[in-house]
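J.: So that we are looking at the same thing, I have put the structure below in structure tokens.
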Amino acid sequence: MTEDMSQYPLQLEGDNIPMVRFQNVRKSYGALTVLDNLNLDIDMGEMVTIIGPSGSGKTTVLRMLMTLETINGGVIYVDGEPLTHMEKNGVLVPASPAHIRRIRSKIGMCFQHFNLFPHMTALQNCIEGPVQVLGMPRKKAEARSLELLDMVGMADKRDQYPSRLSGGQQQRVAIARALAMRPKVMLFDEVTSALDPEVIGEVTNVIRKLVDAHSLTMLMVTHQMGFAKDISDRVCFFFNGAIEEQAAPSELFENPQRERTQQFLNAVLEAN
């Protein structure tokens with residue numbers, strides 16, 4: 001059955017437009033529903049963390065925002081414009097690759113595995129995107145990249161290749177590389193889960209610095225409850241492809257209202 005797209009605005013208008021909106025978004029693989037009619041707004045400058053058990057749809061949310069996964073229904077908006085669709089003859093139709101590239105350029109993502117270019121130094125990794133994708137002059141890209149590497153504490157490793165860097169150092173370079181593209185939205189997918197415990201603090205401190213110093217909108221998936229509690233404006237608990245409960249971290253962690261949230265937090269906190 002074809003979805004009636006007339007129910008979705010061609011673009012978001014008003015005084016308080018969310019930076020990201022999921023409106024009735026559905027994702028399934030055959031008979032398996034991964035996300036079921038997701039409605040979620042993320043305000044400009046807000047830090048939202050997604051928690052939940054494996055298979056609850058957490059990472060799928062990020063992958064859909066990066067258009068690494070297609071959606072089966074609904075619309076995703078970024079900065080007031082549809083990401084997954086575009087206007088044609090007064091209605092929304094599936095977006096063209098060019099439209100997706102334009103909107104997706106507003107989004108940066110750091111993955112669990114760092115995905116740095118192994119044949120490039122830390123500095124070259126940061127320069128490549130702005131020059132090749134944004135068309136930024138190389139000198140300007142280099143100056144911005146050096147500034148960002150300094151911000152994440154990696155200026156002294158600018159000429160090192162990824163193989164010469166620790167996991168925590170590689171992840172910090174990956175964050176600098178994503179920021180070099182000047183995104184409005186930053187996504188973090190379990191960015192500390194592949195790291196040794198002693199270097200997790202390096203990366204979490206960088207993300208804290210971003211939250212304090214930049215007006216970026218951020219969406220993070222993490223299994224570290226303490227970090228989520230410290231850094232988030234809002235925490236969303238996902239269960240079976242839907243938001244079971246969402247609240248400010250102090251409310252959700254200290255006084256969860258839903259039984260499934262309570263069960264999850266008790267199990268996670270006992271494990272730690």
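Please note that chains go A, B, ... in the order of the structure tokens, that every chain numbers its residues from 1, and that ligands are numbered from 1 in the order shown.
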Which residues are near segment 50-61 of chain A? Cut-off 7 Å, only C-alpha atoms, ignore same chain within fewer than 2 positions. Put them as an MDAnalysis selection string.

T.: chainID A and resid 34:35 48 63:65 189 220:223 235:241

J.: Using the chain letters and numbers from this document, which residues of segment 30-251 of chain A does DSSP assign to alpha helix (DSSP H), as number ranges by chain?

T.: A: 58-65, 97-104, 122-132, 138-151, 167-180, 197-213, 225-231, 249-251

J.: Got a sec: who's within 10 Å of Asp156 of chain A, counting only C-alpha atoms, leaving out chain neighbours fewer than 6 positions off, as a PyMOL selection string?

T.: chain A and resi 122+146+149-150

J.: Might you pull out every residue within 8 Å of Glu81 of chain A, with only C-alpha atoms counted and same-chain residues fewer than 2 positions away left off, and present them as a list in words?

T.: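 Once the nearby chain positions are removed, what remains is Leu10, Gln11, Leu12, Tyr77, Val78, Asp79, Leu83 and Ile103 of chain A.
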
J.: Point out the residue among A:Arg177, A:Met44, A:Gln23, A:Pro118 with the least atom-to-atom distance to Met218 of chain A, counting only C-alpha atoms.

T.: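 Closest candidate: A:Met44.
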
J.: Would you kindly return, as a PyMOL selection string, each protein, DNA or RNA residue with an atom no farther than 7 Å from any atom of segment 192-201 of chain A, considering only C-alpha atoms and excluding same-chain residues fewer than 5 positions away?

T.: chain A and resi 112-113+167-168

J.: Write out as a list in words which residues come within 12 Å of Ala248 of chain A when counting only C-alpha atoms, dropping same-chain ones fewer than 3 positions away.

T.: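 Result of the neighbour search: Glu46, Met47, Val48, Thr49, Ile50, Ala228, Lys229, Asp230, Ile231, Ser232, Asp233, Arg234, Val235, Cys236, Phe237, Glu245, Glu251, Leu252, Phe253, Glu254, Asn255 and Pro256 of chain A.
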